[in-house]
Amino acid sequence: MDRLKLFKELSEVPGVPGYEDEVRKVIRGFAPLGTKIVEDKLGSIILEKKGSSDSPKIMFPAHMDEIGFMVRNVDKNGFIRFLPLGGWWDQVIVSQRVVVQSKKGPLLGVVGSKPPHLMPAEERDKMVKKKDMYIDIGATSKEDAMEMGVSIGDSITPYSPFTTLNKDHLFLGKAWDDRLGCCLFLELMEELKDQPHPNTIYGAGTVQEEVGLRGAYTSVRVVNPDVAIVLEVAIAGDTPGIKEEECQVAMGKGPSLLVYDARMIPNLKLKNLVVETAAKENIPLQLDAMDGGATDGGIIHLHEKGVPTVVLGVPTRYIHGHQGFFNLSDYEHALKLIKALTMKLDKETVDSLTK
Ligand SMILES: [Zn+2]
């Protein structure tokens with residue numbers, strides 16, 4: 001698999017919650033030959049790779065959607081007001097370039113706000129709120145914007161071309177949360193294409209995670225897994241202004257294993273299996289806790305009578321913004337870890353997780 005192409009295409013493809021069509025197409029394009037592909041009725045895509053046994057079923061969920069916006073209305077002067085889709089911090093939005101996905105094609109725009117020159121001193125120190133921002137696509141009137149192709153409800157994505165940093169081992173782009181998880185299950189399935197493994201694995205690109213884990217509800221019913229390993233990004237805390245007690249995860253020190261988030265406490269035996277496997281395979285692993293926020297695991301582990309679930313993350317800087325980056329070695333270690341876990345998760349091992 002051409003990894004650079006995989007990163008670039010999955011980072012740049014637009015896909016805010018509810019608008020994951022293009023992402024699904026890219027994933028289909030990278031699915032190894034012969035992979036069985038099904039979809040749930042909300043739009044999640046599920047790739048199945050049978051090993052030497054139908055069960056246990058191991059699900060690797062990763063959400064396809066990215067945070068973005070939606071056109072709420074266009075004012076008489078042609079400025080677009082927008083709704084956020086997913087968790088945006090107001091400060092990172094203003095002055096950024098965005099792309100309105102209109103029916104006549106993509107339209108580049110910039111998020112505008114009142115210039116500081118026109119603000120009284122006390123206003124200048126305050127954060128500009130989303131509701132006071134607008135998107136300027138260069139239209140001169142509402143009619144002009146409509147003529148350009150804009151409609152209420154069009155999706156809007158960050159503009160952020162994929163690029164590399166520092167001797168090509170850091171990858172800068174948008175939407176790593178959680179296209180990086182999609183890259184991981186695609187590469188895993190490619191690597192296991194001709195290899196035996198004692199289970200059946202499912203790479204699941206879920207929809208609408210950023211607006212409330214919605215595709216997790218529907219995709220887990222299609223797979224009906226015995227174990228789930230959620231593939232995510234982790235917030236890298238190795239930047240100025242973050243205290244160790246707030247976040248200890250650093251880039252370049254391996255994938256993270258979540259011991260806690262707002263919606264899930266992992267199955268402890270599965271958690272231990274991850275720790276032991278990483279140690280045995282010489283894979284660096286960082287333990288992480290996140291008190292605000294959740295992943296698809298929050299829903300998946302509650303399916304039916306319960307599903308042993310863990311969340312693995314590739315440390316990434318500046319997620320939920322226009323551009324984040326991660327370190328290739330963390331990604332490679334995450335891939336090695338999920339491969340080793342797939343080899344270990346036979347029926348006996350999976351049965352023992354809930355005994
Ligand atoms: Zn995510």
# chains A, B, ... in the order shown; residues from 1 in each chain; ligands from 1
>>> closest_atom_pairs(of="chain A", to="ligand 1", cutoff="8 Å", atoms="only C-alpha atoms and all ligand atoms", output="JSON lines")
{"residue": "A:Ala62", "atom": "CA", "partner": "ligand 1", "partner_atom_place_in_ligand_line": "1 (Zn)", "distance": 7.6}
{"residue": "A:His63", "atom": "CA", "partner": "ligand 1", "partner_atom_place_in_ligand_line": "1 (Zn)", "distance": 6.5}
{"residue": "A:Glu66", "atom": "CA", "partner": "ligand 1", "partner_atom_place_in_ligand_line": "1 (Zn)", "distance": 7.9}
{"residue": "A:Asp177", "atom": "CA", "partner": "ligand 1", "partner_atom_place_in_ligand_line": "1 (Zn)", "distance": 4.5}
{"residue": "A:Asp178", "atom": "CA", "partner": "ligand 1", "partner_atom_place_in_ligand_line": "1 (Zn)", "distance": 4.7}
{"residue": "A:Glu209", "atom": "CA", "partner": "ligand 1", "partner_atom_place_in_ligand_line": "1 (Zn)", "distance": 7.1}
{"residue": "A:Glu210", "atom": "CA", "partner": "ligand 1", "partner_atom_place_in_ligand_line": "1 (Zn)", "distance": 6.9}
{"residue": "A:Glu232", "atom": "CA", "partner": "ligand 1", "partner_atom_place_in_ligand_line": "1 (Zn)", "distance": 5.6}
{"residue": "A:Val233", "atom": "CA", "partner": "ligand 1", "partner_atom_place_in_ligand_line": "1 (Zn)", "distance": 6.3}
{"residue": "A:Thr295", "atom": "CA", "partner": "ligand 1", "partner_atom_place_in_ligand_line": "1 (Zn)", "distance": 6.3}
>>> write_last_selection(atoms="N, CA and C atoms", output="mmCIF file, in the first residue's frame")
data_model
loop_
_atom_site.group_PDB
_atom_site.id
_atom_site.type_symbol
_atom_site.label_atom_id
_atom_site.label_comp_id
_atom_site.auth_asym_id
_atom_site.auth_seq_id
_atom_site.Cartn_x
_atom_site.Cartn_y
_atom_site.Cartn_z
ATOM 1 N N ALA A 62 -13.068 3.121 13.577
ATOM 2 C CA ALA A 62 -12.398 4.430 13.474
ATOM 3 C C ALA A 62 -13.396 5.338 12.757
ATOM 4 N N HIS A 63 -13.593 6.533 13.270
ATOM 5 C CA HIS A 63 -14.628 7.348 12.627
ATOM 6 C C HIS A 63 -14.109 8.087 11.400
ATOM 7 N N GLU A 66 -14.946 14.239 10.201
ATOM 8 C CA GLU A 66 -14.028 15.241 10.762
ATOM 9 C C GLU A 66 -14.875 16.425 11.248
ATOM 10 N N ASP A 177 -7.965 13.169 13.178
ATOM 11 C CA ASP A 177 -9.033 12.687 14.058
ATOM 12 C C ASP A 177 -10.279 12.479 13.198
ATOM 13 N N ASP A 178 -10.555 11.355 12.615
ATOM 14 C CA ASP A 178 -9.921 10.118 12.965
ATOM 15 C C ASP A 178 -9.583 9.320 11.703
ATOM 16 N N GLU A 209 -19.318 10.543 14.463
ATOM 17 C CA GLU A 209 -18.777 10.398 15.822
ATOM 18 C C GLU A 209 -18.713 11.737 16.522
ATOM 19 N N GLU A 210 -18.315 12.763 15.753
ATOM 20 C CA GLU A 210 -18.045 14.071 16.359
ATOM 21 C C GLU A 210 -19.313 14.793 16.836
ATOM 22 N N GLU A 232 -7.871 5.491 17.355
ATOM 23 C CA GLU A 232 -8.120 6.925 17.496
ATOM 24 C C GLU A 232 -6.813 7.704 17.482
ATOM 25 N N VAL A 233 -6.943 9.013 17.597
ATOM 26 C CA VAL A 233 -5.780 9.836 17.896
ATOM 27 C C VAL A 233 -5.797 10.111 19.396
ATOM 28 N N THR A 295 -15.073 8.345 22.949
ATOM 29 C CA THR A 295 -14.862 7.794 21.615
ATOM 30 C C THR A 295 -16.036 6.872 21.286
#
>>> select_by_dssp(residues="stretch 246-306 of chain A", states="strand (DSSP E or B)", output="PDB file with N, CA and C atoms, in the first residue's frame")
ATOM      1  N   SER A 256      -0.967   5.372  22.485  1.00  0.00           N
ATOM      2  CA  SER A 256      -1.500   5.466  23.845  1.00  0.00           C
ATOM      3  C   SER A 256      -2.621   4.457  24.030  1.00  0.00           C
ATOM      4  N   LEU A 257      -2.801   4.061  25.282  1.00  0.00           N
ATOM      5  CA  LEU A 257      -3.912   3.190  25.662  1.00  0.00           C
ATOM      6  C   LEU A 257      -4.730   3.967  26.688  1.00  0.00           C
ATOM      7  N   LEU A 258      -6.008   4.173  26.391  1.00  0.00           N
ATOM      8  CA  LEU A 258      -6.859   4.964  27.300  1.00  0.00           C
ATOM      9  C   LEU A 258      -7.292   4.095  28.482  1.00  0.00           C
ATOM     10  N   VAL A 259      -6.999   4.548  29.685  1.00  0.00           N
ATOM     11  CA  VAL A 259      -7.443   3.806  30.867  1.00  0.00           C
ATOM     12  C   VAL A 259      -8.784   4.359  31.364  1.00  0.00           C
ATOM     13  N   TYR A 260      -9.158   5.523  30.831  1.00  0.00           N
ATOM     14  CA  TYR A 260     -10.395   6.167  31.273  1.00  0.00           C
ATOM     15  C   TYR A 260     -10.785   7.259  30.286  1.00  0.00           C
ATOM     16  N   ASP A 261     -12.082   7.331  29.965  1.00  0.00           N
ATOM     17  CA  ASP A 261     -12.607   8.550  29.350  1.00  0.00           C
ATOM     18  C   ASP A 261     -14.013   8.763  29.892  1.00  0.00           C
ATOM     19  N   MET A 264     -16.318   5.578  29.029  1.00  0.00           N
ATOM     20  CA  MET A 264     -15.926   4.160  29.086  1.00  0.00           C
ATOM     21  C   MET A 264     -14.753   3.901  30.013  1.00  0.00           C
ATOM     22  N   GLN A 286       1.989   4.279  25.894  1.00  0.00           N
ATOM     23  CA  GLN A 286       1.760   5.305  26.908  1.00  0.00           C
ATOM     24  C   GLN A 286       0.341   5.153  27.448  1.00  0.00           C
ATOM     25  N   LEU A 287       0.195   5.183  28.764  1.00  0.00           N
ATOM     26  CA  LEU A 287      -1.140   5.118  29.351  1.00  0.00           C
ATOM     27  C   LEU A 287      -1.693   6.533  29.431  1.00  0.00           C
ATOM     28  N   ASP A 288      -2.972   6.640  29.119  1.00  0.00           N
ATOM     29  CA  ASP A 288      -3.578   7.967  29.001  1.00  0.00           C
ATOM     30  C   ASP A 288      -4.959   7.951  29.653  1.00  0.00           C
ATOM     31  N   ALA A 289      -5.347   9.045  30.264  1.00  0.00           N
ATOM     32  CA  ALA A 289      -6.710   9.200  30.789  1.00  0.00           C
ATOM     33  C   ALA A 289      -7.259  10.519  30.269  1.00  0.00           C
TER      34      ALA A 289
END
>>> residues_around(residues="stretch 95-102 of chain A", least_positions_apart="4", cutoff="7 Å", atoms="only C-alpha atoms", output="PDB file with N, CA and C atoms, in the first residue's frame")
ATOM      1  N   PRO A 106     -16.230  22.736  -5.137  1.00  0.00           N
ATOM      2  CA  PRO A 106     -15.673  23.362  -3.940  1.00  0.00           C
ATOM      3  C   PRO A 106     -15.425  24.864  -4.127  1.00  0.00           C
ATOM      4  N   LEU A 107     -15.759  25.638  -3.102  1.00  0.00           N
ATOM      5  CA  LEU A 107     -15.535  27.095  -3.121  1.00  0.00           C
ATOM      6  C   LEU A 107     -14.650  27.462  -1.948  1.00  0.00           C
ATOM      7  N   LEU A 108     -13.514  28.081  -2.251  1.00  0.00           N
ATOM      8  CA  LEU A 108     -12.597  28.484  -1.182  1.00  0.00           C
ATOM      9  C   LEU A 108     -13.120  29.756  -0.520  1.00  0.00           C
ATOM     10  N   GLY A 109     -12.983  29.833   0.789  1.00  0.00           N
ATOM     11  CA  GLY A 109     -13.401  31.034   1.501  1.00  0.00           C
ATOM     12  C   GLY A 109     -12.519  31.259   2.703  1.00  0.00           C
ATOM     13  N   VAL A 110     -12.710  32.376   3.344  1.00  0.00           N
ATOM     14  CA  VAL A 110     -11.938  32.686   4.545  1.00  0.00           C
ATOM     15  C   VAL A 110     -12.912  33.069   5.653  1.00  0.00           C
ATOM     16  N   VAL A 111     -12.586  32.638   6.881  1.00  0.00           N
ATOM     17  CA  VAL A 111     -13.447  32.985   8.013  1.00  0.00           C
ATOM     18  C   VAL A 111     -13.080  34.398   8.464  1.00  0.00           C
ATOM     19  N   GLY A 112     -14.003  35.298   8.269  1.00  0.00           N
ATOM     20  CA  GLY A 112     -13.738  36.696   8.575  1.00  0.00           C
ATOM     21  C   GLY A 112     -14.324  37.118   9.906  1.00  0.00           C
ATOM     22  N   GLY A 149     -23.216  28.634  -6.396  1.00  0.00           N
ATOM     23  CA  GLY A 149     -23.558  27.243  -6.060  1.00  0.00           C
ATOM     24  C   GLY A 149     -23.904  26.991  -4.605  1.00  0.00           C
ATOM     25  N   VAL A 150     -23.827  28.030  -3.776  1.00  0.00           N
ATOM     26  CA  VAL A 150     -24.036  27.837  -2.339  1.00  0.00           C
ATOM     27  C   VAL A 150     -25.514  27.560  -2.015  1.00  0.00           C
ATOM     28  N   SER A 151     -25.755  26.581  -1.160  1.00  0.00           N
ATOM     29  CA  SER A 151     -27.104  26.289  -0.664  1.00  0.00           C
ATOM     30  C   SER A 151     -27.046  26.151   0.852  1.00  0.00           C
ATOM     31  N   ASP A 154     -25.066  23.207   2.910  1.00  0.00           N
ATOM     32  CA  ASP A 154     -23.800  22.731   2.322  1.00  0.00           C
ATOM     33  C   ASP A 154     -22.785  22.492   3.435  1.00  0.00           C
ATOM     34  N   SER A 155     -21.969  21.472   3.257  1.00  0.00           N
ATOM     35  CA  SER A 155     -20.931  21.229   4.266  1.00  0.00           C
ATOM     36  C   SER A 155     -19.710  22.101   3.992  1.00  0.00           C
ATOM     37  N   ILE A 156     -18.996  22.393   5.065  1.00  0.00           N
ATOM     38  CA  ILE A 156     -17.809  23.256   4.980  1.00  0.00           C
ATOM     39  C   ILE A 156     -16.676  22.550   5.709  1.00  0.00           C
ATOM     40  N   THR A 157     -15.532  22.421   5.032  1.00  0.00           N
ATOM     41  CA  THR A 157     -14.400  21.727   5.653  1.00  0.00           C
ATOM     42  C   THR A 157     -13.197  22.660   5.753  1.00  0.00           C
ATOM     43  N   PRO A 158     -12.305  22.395   6.713  1.00  0.00           N
ATOM     44  CA  PRO A 158     -11.073  23.188   6.777  1.00  0.00           C
ATOM     45  C   PRO A 158     -10.267  22.998   5.499  1.00  0.00           C
ATOM     46  N   TYR A 159      -9.575  24.034   5.062  1.00  0.00           N
ATOM     47  CA  TYR A 159      -8.645  23.921   3.935  1.00  0.00           C
ATOM     48  C   TYR A 159      -7.268  23.722   4.525  1.00  0.00           C
TER      49      TYR A 159
END
>>> closest_residue(among="A:Val16, A:Val222, A:Ala204, A:Ala294", to="A:Leu184", atoms="only C-alpha atoms")
A:Ala204
>>> residues_around(residues="stretch 34-40 of chain A", least_positions_apart="5", cutoff="12 Å", atoms="only C-alpha atoms", output="short mmCIF file (atom, residue, chain, number, x, y, z; two decimals) with N, CA and C atoms, in the first residue's frame")
data_model
loop_
_atom_site.label_atom_id
_atom_site.label_comp_id
_atom_site.auth_asym_id
_atom_site.auth_seq_id
_atom_site.Cartn_x
_atom_site.Cartn_y
_atom_site.Cartn_z
N ASP A 21 -19.66 10.63 2.45
CA ASP A 21 -19.65 9.92 1.17
C ASP A 21 -18.27 9.76 0.51
N ARG A 24 -15.91 7.47 2.37
CA ARG A 24 -16.27 6.07 2.13
C ARG A 24 -15.67 5.58 0.81
N LYS A 25 -15.73 6.45 -0.21
CA LYS A 25 -15.18 6.08 -1.52
C LYS A 25 -13.68 5.84 -1.44
N ILE A 27 -11.97 4.95 1.17
CA ILE A 27 -11.72 3.70 1.91
C ILE A 27 -11.97 2.49 1.01
N ARG A 28 -13.04 2.53 0.25
CA ARG A 28 -13.31 1.44 -0.70
C ARG A 28 -12.13 1.25 -1.66
N GLY A 29 -11.58 2.37 -2.10
CA GLY A 29 -10.46 2.33 -3.04
C GLY A 29 -9.21 1.68 -2.45
N ILE A 45 -19.01 2.25 6.92
CA ILE A 45 -18.52 1.21 6.00
C ILE A 45 -17.76 0.17 6.81
N ILE A 46 -18.03 -1.09 6.52
CA ILE A 46 -17.42 -2.16 7.32
C ILE A 46 -16.72 -3.15 6.40
N LEU A 47 -15.42 -3.31 6.60
CA LEU A 47 -14.62 -4.24 5.81
C LEU A 47 -14.40 -5.50 6.63
N GLU A 48 -14.65 -6.64 6.00
CA GLU A 48 -14.50 -7.91 6.73
C GLU A 48 -13.36 -8.73 6.15
N LYS A 49 -12.51 -9.25 7.04
CA LYS A 49 -11.43 -10.15 6.59
C LYS A 49 -11.49 -11.40 7.47
N LYS A 50 -11.85 -12.50 6.83
CA LYS A 50 -11.97 -13.75 7.56
C LYS A 50 -10.61 -14.39 7.74
N GLY A 51 -10.34 -14.83 8.96
CA GLY A 51 -9.11 -15.59 9.21
C GLY A 51 -9.43 -17.06 9.16
N LEU A 186 -7.00 -0.06 7.52
CA LEU A 186 -6.73 -0.42 6.13
C LEU A 186 -5.37 -1.09 5.99
N MET A 189 -5.47 -4.64 7.46
CA MET A 189 -6.12 -5.61 6.60
C MET A 189 -5.26 -5.96 5.40
N GLU A 190 -4.52 -4.99 4.92
CA GLU A 190 -3.59 -5.22 3.81
C GLU A 190 -2.47 -6.17 4.26
N LEU A 192 -2.55 -8.35 6.59
CA LEU A 192 -3.05 -9.69 6.92
C LEU A 192 -3.70 -10.39 5.73
N LYS A 193 -3.59 -9.74 4.57
CA LYS A 193 -4.27 -10.22 3.37
C LYS A 193 -4.02 -11.72 3.12
N ASP A 194 -2.77 -12.10 3.20
CA ASP A 194 -2.44 -13.49 2.90
C ASP A 194 -1.92 -14.24 4.13
N THR A 200 -11.97 -13.38 12.92
CA THR A 200 -12.38 -12.58 11.78
C THR A 200 -12.30 -11.12 12.19
N ILE A 201 -11.68 -10.31 11.35
CA ILE A 201 -11.52 -8.91 11.73
C ILE A 201 -12.39 -7.98 10.87
N TYR A 202 -12.77 -6.88 11.49
CA TYR A 202 -13.65 -5.91 10.84
C TYR A 202 -13.06 -4.51 11.00
N GLY A 203 -12.71 -3.89 9.91
CA GLY A 203 -12.33 -2.48 9.95
C GLY A 203 -13.60 -1.69 9.71
N ALA A 204 -13.95 -0.82 10.64
CA ALA A 204 -15.23 -0.12 10.52
C ALA A 204 -15.03 1.39 10.50
N GLY A 205 -15.31 2.00 9.37
CA GLY A 205 -15.29 3.46 9.26
C GLY A 205 -16.66 3.95 9.68
N THR A 206 -16.75 4.54 10.85
CA THR A 206 -18.06 4.94 11.38
C THR A 206 -18.37 6.39 11.01
N VAL A 207 -19.65 6.72 11.06
CA VAL A 207 -20.08 8.10 10.72
C VAL A 207 -20.47 8.87 11.99
N ARG A 214 -22.69 8.65 16.80
CA ARG A 214 -23.93 8.08 16.23
C ARG A 214 -23.71 6.83 15.40
N GLY A 215 -22.66 6.82 14.57
CA GLY A 215 -22.39 5.64 13.74
C GLY A 215 -21.94 4.43 14.55
N ALA A 216 -21.51 4.68 15.79
CA ALA A 216 -21.12 3.55 16.64
C ALA A 216 -22.34 2.70 16.97
N TYR A 217 -23.48 3.35 17.21
CA TYR A 217 -24.71 2.63 17.55
C TYR A 217 -25.10 1.66 16.43
N THR A 218 -25.00 2.12 15.19
CA THR A 218 -25.51 1.33 14.07
C THR A 218 -24.47 0.32 13.57
N SER A 219 -23.20 0.72 13.52
CA SER A 219 -22.18 -0.19 12.97
C SER A 219 -21.95 -1.39 13.88
N VAL A 220 -22.05 -1.18 15.19
CA VAL A 220 -21.79 -2.31 16.11
C VAL A 220 -22.87 -3.39 15.94
N ARG A 221 -24.06 -2.97 15.53
CA ARG A 221 -25.14 -3.95 15.32
C ARG A 221 -24.89 -4.78 14.07
N VAL A 222 -24.22 -4.21 13.10
CA VAL A 222 -23.89 -4.96 11.87
C VAL A 222 -22.81 -5.99 12.18
N VAL A 223 -21.80 -5.58 12.93
CA VAL A 223 -20.66 -6.47 13.19
C VAL A 223 -20.97 -7.48 14.30
#
>>> select_by_dssp(residues="stretch 72-289 of chain A", states="helix (DSSP H, G or I)", output="number ranges by chain")
A: 90-92, 116-118, 121-124, 130-132, 142-148, 176-191, 209-211, 214-223, 268-280
>>> closest_residue(among="A:Glu187, A:Lys114, A:Phe69, A:Asn327", to="A:Asp2", atoms="only C-alpha atoms")
A:Glu187
>>> closest_residue(among="A:Lys347, A:His169, A:His333, A:Lys76", to="A:Ala139", atoms="only C-alpha atoms")
A:Lys76
>>> residues_around(residues="A:Leu345", least_positions_apart="6", cutoff="8 Å", atoms="only C-alpha atoms", output="ChimeraX atom specification")
/A:56,198-199
>>> closest_residue(among="A:Ile265, A:Ile319, A:Asn282, A:Leu335", to="A:Leu302", atoms="only C-alpha atoms")
A:Ile265
>>> closest_residue(among="A:Lys103, A:Lys129, A:Lys174, A:Lys336", to="A:Gly254", atoms="only C-alpha atoms")
A:Lys336
>>> atom_distance(atom1="atom CA of A:Gly298", atom2="atom CA of A:Lys8")
28.9 Å
>>> decode(residues="stretch 284-333 of chain A", atoms="C-alpha atoms", output="mmCIF file, in the first residue's frame")
data_model
loop_
_atom_site.group_PDB
_atom_site.id
_atom_site.type_symbol
_atom_site.label_atom_id
_atom_site.label_comp_id
_atom_site.auth_asym_id
_atom_site.auth_seq_id
_atom_site.Cartn_x
_atom_site.Cartn_y
_atom_site.Cartn_z
ATOM 1 C CA PRO A 284 6.495 1.620 23.457
ATOM 2 C CA LEU A 285 3.072 2.321 24.968
ATOM 3 C CA GLN A 286 1.760 5.305 26.908
ATOM 4 C CA LEU A 287 -1.140 5.118 29.351
ATOM 5 C CA ASP A 288 -3.578 7.967 29.001
ATOM 6 C CA ALA A 289 -6.710 9.200 30.789
ATOM 7 C CA MET A 290 -9.121 11.735 29.338
ATOM 8 C CA ASP A 291 -11.786 13.167 31.619
ATOM 9 C CA GLY A 292 -13.439 15.322 28.978
ATOM 10 C CA GLY A 293 -14.433 13.584 25.779
ATOM 11 C CA ALA A 294 -15.250 10.095 24.607
ATOM 12 C CA THR A 295 -14.862 7.794 21.615
ATOM 13 C CA ASP A 296 -17.033 5.327 19.693
ATOM 14 C CA GLY A 297 -15.978 2.860 22.396
ATOM 15 C CA GLY A 298 -18.447 4.577 24.741
ATOM 16 C CA ILE A 299 -21.302 3.076 22.735
ATOM 17 C CA ILE A 300 -19.680 -0.077 21.395
ATOM 18 C CA HIS A 301 -18.755 -1.523 24.801
ATOM 19 C CA LEU A 302 -22.431 -1.352 25.826
ATOM 20 C CA HIS A 303 -23.672 -3.417 22.864
ATOM 21 C CA GLU A 304 -25.864 -6.405 23.786
ATOM 22 C CA LYS A 305 -24.433 -7.968 26.967
ATOM 23 C CA GLY A 306 -21.259 -5.865 26.717
ATOM 24 C CA VAL A 307 -18.183 -5.964 24.480
ATOM 25 C CA PRO A 308 -14.622 -5.951 25.902
ATOM 26 C CA THR A 309 -13.228 -2.752 24.416
ATOM 27 C CA VAL A 310 -10.070 -0.656 24.524
ATOM 28 C CA VAL A 311 -9.091 2.592 22.815
ATOM 29 C CA LEU A 312 -5.655 3.023 21.241
ATOM 30 C CA GLY A 313 -4.474 6.428 20.064
ATOM 31 C CA VAL A 314 -1.713 7.850 17.904
ATOM 32 C CA PRO A 315 -0.456 10.986 19.703
ATOM 33 C CA THR A 316 -1.327 13.998 17.568
ATOM 34 C CA ARG A 317 -0.742 17.697 18.140
ATOM 35 C CA TYR A 318 -3.436 20.321 17.550
ATOM 36 C CA ILE A 319 -6.415 18.082 16.825
ATOM 37 C CA HIS A 320 -9.761 19.863 16.426
ATOM 38 C CA GLY A 321 -8.155 22.612 14.401
ATOM 39 C CA HIS A 322 -7.124 23.155 10.811
ATOM 40 C CA GLN A 323 -3.845 21.343 11.026
ATOM 41 C CA GLY A 324 -2.438 18.719 13.287
ATOM 42 C CA PHE A 325 0.560 16.473 12.981
ATOM 43 C CA PHE A 326 1.773 13.104 14.179
ATOM 44 C CA ASN A 327 4.975 11.115 14.162
ATOM 45 C CA LEU A 328 5.355 8.182 11.765
ATOM 46 C CA SER A 329 7.026 5.983 14.405
ATOM 47 C CA ASP A 330 3.940 6.223 16.662
ATOM 48 C CA TYR A 331 1.752 5.194 13.757
ATOM 49 C CA GLU A 332 4.017 2.278 12.873
ATOM 50 C CA HIS A 333 4.102 1.119 16.479
#
